[in-house]
Amino acid sequence: MKILSKLFYSSLALGALLSCESSIPNNETPALKISENGRYMMTEDGKPFFWLGDTGWLLFNKLDREEAEVYLEDRKKKGFNVIQAMVLHTVPSVNIYGDSSIVNSDISKPFITEGNDPNNPEQYDYWDHIDYMIDRAAAKGIYMALVPVWGTNVKNGLVSPEQARLFASFLADRWKDKNNIIWLNGGDIKGSDSIAVWKEIGPAIKGISPKQLMTYHPRGRTASSDWFHNESWLDFNMVQSGHRRYDQDTSSNEVKHYGEDNWRFMEVDWNLKPTKPTIDGEPSYEGIPQGLHDVKEIRWVDKDVRRYGYWSVFAGAFGYTYGQNSVMQMHSAKDTTSAYGSSMLWTEGLNAAGASQMIYLKNLMLSRGNYFDRIPDQTIIAENGERYDRLIATRTDDYAFIYNYSGREMKIIMGKLKGDKVKASWFNPRTGETIIIGELENKGIQIFKPQGEHKDGNDWVLILDKA
């Protein structure tokens, strides 16, 4: 930064300065709201919104404007419509241009520039840089799901409840006119850890910007509903099913022993009252070591992220968040270290196989009518299996989707759809292609066997449509 004249927010000057610093509204994206039945998201004009998220956690810190354009355009072309990112990864955070976010490591005092030109790289500051990325995302139809301050900082005592309230108020006022903002309170932390801070951030943002949706991003193998389901500021639930295999899921204390069965989180949240939508906001990332911390472990690959996606969505989730190890940390050639054994550059990670396959899930879920009537329904399956042989089904009265991860034989109870006959087909999650089976009687138990052998990753979706 070459501008030396800086302003920061003190508690006394907060109100006056907030109104001066609010950014220009961006209305390229329609505002989002919860569907009338409380299960899904929709645009303000009533259209279905299937959340296909990507974890670009360090976007604001590590990418310059040209790089951000490359990233956002790539994600747009691959069908992603939500980017999850941290506003403050550390306290303080510094961006690629050397601009600091706050004054004296106090998040209640954002470090802003007086009279600057946000389009001049010699003058724009940390907050102008985020403004730019938010607006570029909006122009591409992408929503930004923002974590105000990552949970580690709060756990380490760097943020008091009062500082959190002031900082959250600053953020909400600055971006209250942005239609493409979603809030992720928390940040990889149990809600019971520093709960006073999270209970300040939620109401502070909602009090200023009530229409922007909000959830809580929890610690691995926990859910926002564990602590905040009844909070008025929590519009939808988020789980972090985490990065562990079945045999690695052995710890205790406020975590669920579901192993890789992320569909179990969806089942729990589906049955809660009041009804709220839910999503897996952090399943295992493609390219990250299984178990996360031992870089010698084998890595999660595209078949795994597909499984997490279809399992969770068919079990009732309103969308899915994908992640790739190098992309989520924006690992670059300039980095002297990397997390979780990432050696691939983020620009290479953009083209990981799973990233290109996620759009097929989104397209499938938007391909039928009665979007908001869809329910999970395991009663359509006559004989189910465990772990990788588990079948997960979702349907309306007009169609049914049954996900089969392992290519096993399927016995399906007919008669759940309207009509005397159904049209059956196979959908390939790896390619997005559909193979017609034919028209069948809509009664009794029908047996289906997809192409290929019975093995992990030979995944298919059986589609039944009323004839």
# chains A, B, ... in the order shown; residues from 1 in each chain; ligands from 1
>>> select_by_dssp(residues="stretch 311-365 of chain A", states="alpha helix (DSSP H)", output="ChimeraX atom specification")
/A:311-314,325-328,346-349,353-365
>>> write_last_selection(atoms="N, CA and C atoms", output="PDB file, in the first residue's frame")
ATOM      1  N   TRP A 311     -24.724 -39.391  -2.036  1.00  0.00           N
ATOM      2  CA  TRP A 311     -25.274 -39.884  -0.778  1.00  0.00           C
ATOM      3  C   TRP A 311     -25.975 -38.772   0.002  1.00  0.00           C
ATOM      4  N   SER A 312     -25.317 -37.638   0.164  1.00  0.00           N
ATOM      5  CA  SER A 312     -25.883 -36.575   0.998  1.00  0.00           C
ATOM      6  C   SER A 312     -27.098 -35.931   0.342  1.00  0.00           C
ATOM      7  N   VAL A 313     -27.030 -35.673  -0.952  1.00  0.00           N
ATOM      8  CA  VAL A 313     -28.153 -35.032  -1.636  1.00  0.00           C
ATOM      9  C   VAL A 313     -29.366 -35.951  -1.679  1.00  0.00           C
ATOM     10  N   PHE A 314     -29.158 -37.220  -1.997  1.00  0.00           N
ATOM     11  CA  PHE A 314     -30.293 -38.146  -2.054  1.00  0.00           C
ATOM     12  C   PHE A 314     -30.873 -38.397  -0.663  1.00  0.00           C
ATOM     13  N   ASN A 325      -7.711 -30.358  -2.450  1.00  0.00           N
ATOM     14  CA  ASN A 325      -6.658 -30.029  -1.495  1.00  0.00           C
ATOM     15  C   ASN A 325      -5.863 -28.775  -1.876  1.00  0.00           C
ATOM     16  N   SER A 326      -5.377 -28.695  -3.097  1.00  0.00           N
ATOM     17  CA  SER A 326      -4.538 -27.563  -3.499  1.00  0.00           C
ATOM     18  C   SER A 326      -5.350 -26.299  -3.726  1.00  0.00           C
ATOM     19  N   VAL A 327      -6.566 -26.465  -4.245  1.00  0.00           N
ATOM     20  CA  VAL A 327      -7.406 -25.303  -4.529  1.00  0.00           C
ATOM     21  C   VAL A 327      -7.899 -24.660  -3.246  1.00  0.00           C
ATOM     22  N   MET A 328      -8.287 -25.462  -2.266  1.00  0.00           N
ATOM     23  CA  MET A 328      -8.856 -24.878  -1.048  1.00  0.00           C
ATOM     24  C   MET A 328      -7.845 -23.999  -0.321  1.00  0.00           C
ATOM     25  N   TRP A 346      -2.530 -24.774  -7.373  1.00  0.00           N
ATOM     26  CA  TRP A 346      -3.979 -24.619  -7.397  1.00  0.00           C
ATOM     27  C   TRP A 346      -4.514 -24.574  -8.823  1.00  0.00           C
ATOM     28  N   THR A 347      -3.721 -24.037  -9.740  1.00  0.00           N
ATOM     29  CA  THR A 347      -4.162 -23.971 -11.133  1.00  0.00           C
ATOM     30  C   THR A 347      -4.287 -25.365 -11.741  1.00  0.00           C
ATOM     31  N   GLU A 348      -3.466 -26.309 -11.291  1.00  0.00           N
ATOM     32  CA  GLU A 348      -3.613 -27.705 -11.731  1.00  0.00           C
ATOM     33  C   GLU A 348      -4.794 -28.357 -11.026  1.00  0.00           C
ATOM     34  N   GLY A 349      -4.939 -28.053  -9.751  1.00  0.00           N
ATOM     35  CA  GLY A 349      -6.023 -28.644  -8.970  1.00  0.00           C
ATOM     36  C   GLY A 349      -7.408 -28.289  -9.489  1.00  0.00           C
ATOM     37  N   ALA A 353     -10.316 -34.454 -11.483  1.00  0.00           N
ATOM     38  CA  ALA A 353     -11.423 -35.149 -12.145  1.00  0.00           C
ATOM     39  C   ALA A 353     -12.761 -34.886 -11.472  1.00  0.00           C
ATOM     40  N   GLY A 354     -12.784 -34.919 -10.149  1.00  0.00           N
ATOM     41  CA  GLY A 354     -14.042 -34.741  -9.433  1.00  0.00           C
ATOM     42  C   GLY A 354     -14.671 -33.385  -9.654  1.00  0.00           C
ATOM     43  N   ALA A 355     -13.842 -32.350  -9.821  1.00  0.00           N
ATOM     44  CA  ALA A 355     -14.370 -30.998 -10.015  1.00  0.00           C
ATOM     45  C   ALA A 355     -15.206 -30.897 -11.276  1.00  0.00           C
ATOM     46  N   SER A 356     -14.811 -31.640 -12.302  1.00  0.00           N
ATOM     47  CA  SER A 356     -15.550 -31.612 -13.566  1.00  0.00           C
ATOM     48  C   SER A 356     -16.794 -32.491 -13.533  1.00  0.00           C
ATOM     49  N   GLN A 357     -16.884 -33.376 -12.548  1.00  0.00           N
ATOM     50  CA  GLN A 357     -18.018 -34.301 -12.474  1.00  0.00           C
ATOM     51  C   GLN A 357     -19.155 -33.777 -11.601  1.00  0.00           C
ATOM     52  N   MET A 358     -18.892 -32.750 -10.792  1.00  0.00           N
ATOM     53  CA  MET A 358     -19.914 -32.262  -9.877  1.00  0.00           C
ATOM     54  C   MET A 358     -21.111 -31.670 -10.604  1.00  0.00           C
ATOM     55  N   ILE A 359     -20.874 -31.099 -11.773  1.00  0.00           N
ATOM     56  CA  ILE A 359     -21.966 -30.471 -12.502  1.00  0.00           C
ATOM     57  C   ILE A 359     -23.036 -31.489 -12.892  1.00  0.00           C
ATOM     58  N   TYR A 360     -22.647 -32.755 -13.043  1.00  0.00           N
ATOM     59  CA  TYR A 360     -23.624 -33.783 -13.416  1.00  0.00           C
ATOM     60  C   TYR A 360     -24.644 -33.999 -12.298  1.00  0.00           C
ATOM     61  N   LEU A 361     -24.190 -33.919 -11.057  1.00  0.00           N
ATOM     62  CA  LEU A 361     -25.108 -34.016  -9.925  1.00  0.00           C
ATOM     63  C   LEU A 361     -26.075 -32.842  -9.935  1.00  0.00           C
ATOM     64  N   LYS A 362     -25.547 -31.654 -10.103  1.00  0.00           N
ATOM     65  CA  LYS A 362     -26.391 -30.452 -10.138  1.00  0.00           C
ATOM     66  C   LYS A 362     -27.414 -30.535 -11.268  1.00  0.00           C
ATOM     67  N   ASN A 363     -26.952 -30.897 -12.451  1.00  0.00           N
ATOM     68  CA  ASN A 363     -27.860 -30.973 -13.597  1.00  0.00           C
ATOM     69  C   ASN A 363     -28.952 -32.016 -13.397  1.00  0.00           C
ATOM     70  N   LEU A 364     -28.577 -33.149 -12.802  1.00  0.00           N
ATOM     71  CA  LEU A 364     -29.571 -34.196 -12.551  1.00  0.00           C
ATOM     72  C   LEU A 364     -30.657 -33.696 -11.608  1.00  0.00           C
ATOM     73  N   MET A 365     -30.264 -33.043 -10.539  1.00  0.00           N
ATOM     74  CA  MET A 365     -31.242 -32.607  -9.547  1.00  0.00           C
ATOM     75  C   MET A 365     -32.162 -31.510 -10.087  1.00  0.00           C
TER      76      MET A 365
END
>>> closest_residue(among="A:Glu114, A:Met330, A:Trp270, A:Phe318", to="A:Leu366", atoms="only C-alpha atoms")
A:Phe318
>>> atom_distance(atom1="atom CA of A:Ile107", atom2="atom CA of A:Ser192")
21.4 Å
>>> closest_residue(among="A:Ala196, A:Ala223, A:Ile392, A:Val149", to="A:Phe265", atoms="only C-alpha atoms")
A:Ala223
>>> atom_distance(atom1="atom CA of A:Pro283", atom2="atom CA of A:Ser332")
23.3 Å
>>> residues_around(residues="A:Trp198", least_positions_apart="4", cutoff="7 Å", atoms="only C-alpha atoms", output="VMD selection string")
chain A and resid 185 to 186 202
>>> residues_around(residues="A:Gln163", least_positions_apart="5", cutoff="10 Å", atoms="only C-alpha atoms", output="ChimeraX atom specification")
/A:11,106-109,158,168-169,197,200-201
>>> write_last_selection(atoms="C-alpha atoms", output="short mmCIF file (atom, residue, chain, number, x, y, z; two decimals), in the first residue's frame")
data_model
loop_
_atom_site.label_atom_id
_atom_site.label_comp_id
_atom_site.auth_asym_id
_atom_site.auth_seq_id
_atom_site.Cartn_x
_atom_site.Cartn_y
_atom_site.Cartn_z
CA SER A 11 -16.19 1.22 19.13
CA ASP A 106 -7.89 -6.15 16.91
CA ILE A 107 -10.70 -7.36 14.66
CA SER A 108 -12.98 -4.60 15.94
CA LYS A 109 -10.68 -2.15 14.10
CA LEU A 158 -7.60 -13.61 19.83
CA ALA A 168 -19.58 -8.67 12.44
CA SER A 169 -21.48 -5.37 12.38
CA VAL A 197 -18.51 -15.36 20.26
CA GLU A 200 -22.59 -12.45 19.09
CA ILE A 201 -21.68 -12.82 15.41
#
>>> atom_distance(atom1="atom CA of A:Asp54", atom2="atom CA of A:Ile142")
10.5 Å
>>> residues_around(residues="A:Lys296", least_positions_apart="6", cutoff="10 Å", atoms="only C-alpha atoms", output="PyMOL selection string")
chain A and resi 289-290+340-341
>>> residues_around(residues="A:Lys33", least_positions_apart="6", cutoff="7 Å", atoms="only C-alpha atoms", output="MDAnalysis selection string")
chainID A and resid 41:44
>>> residues_around(residues="A:Asn81", least_positions_apart="6", cutoff="8 Å", atoms="only C-alpha atoms", output="PyMOL selection string")
chain A and resi 51-53+75+141-143
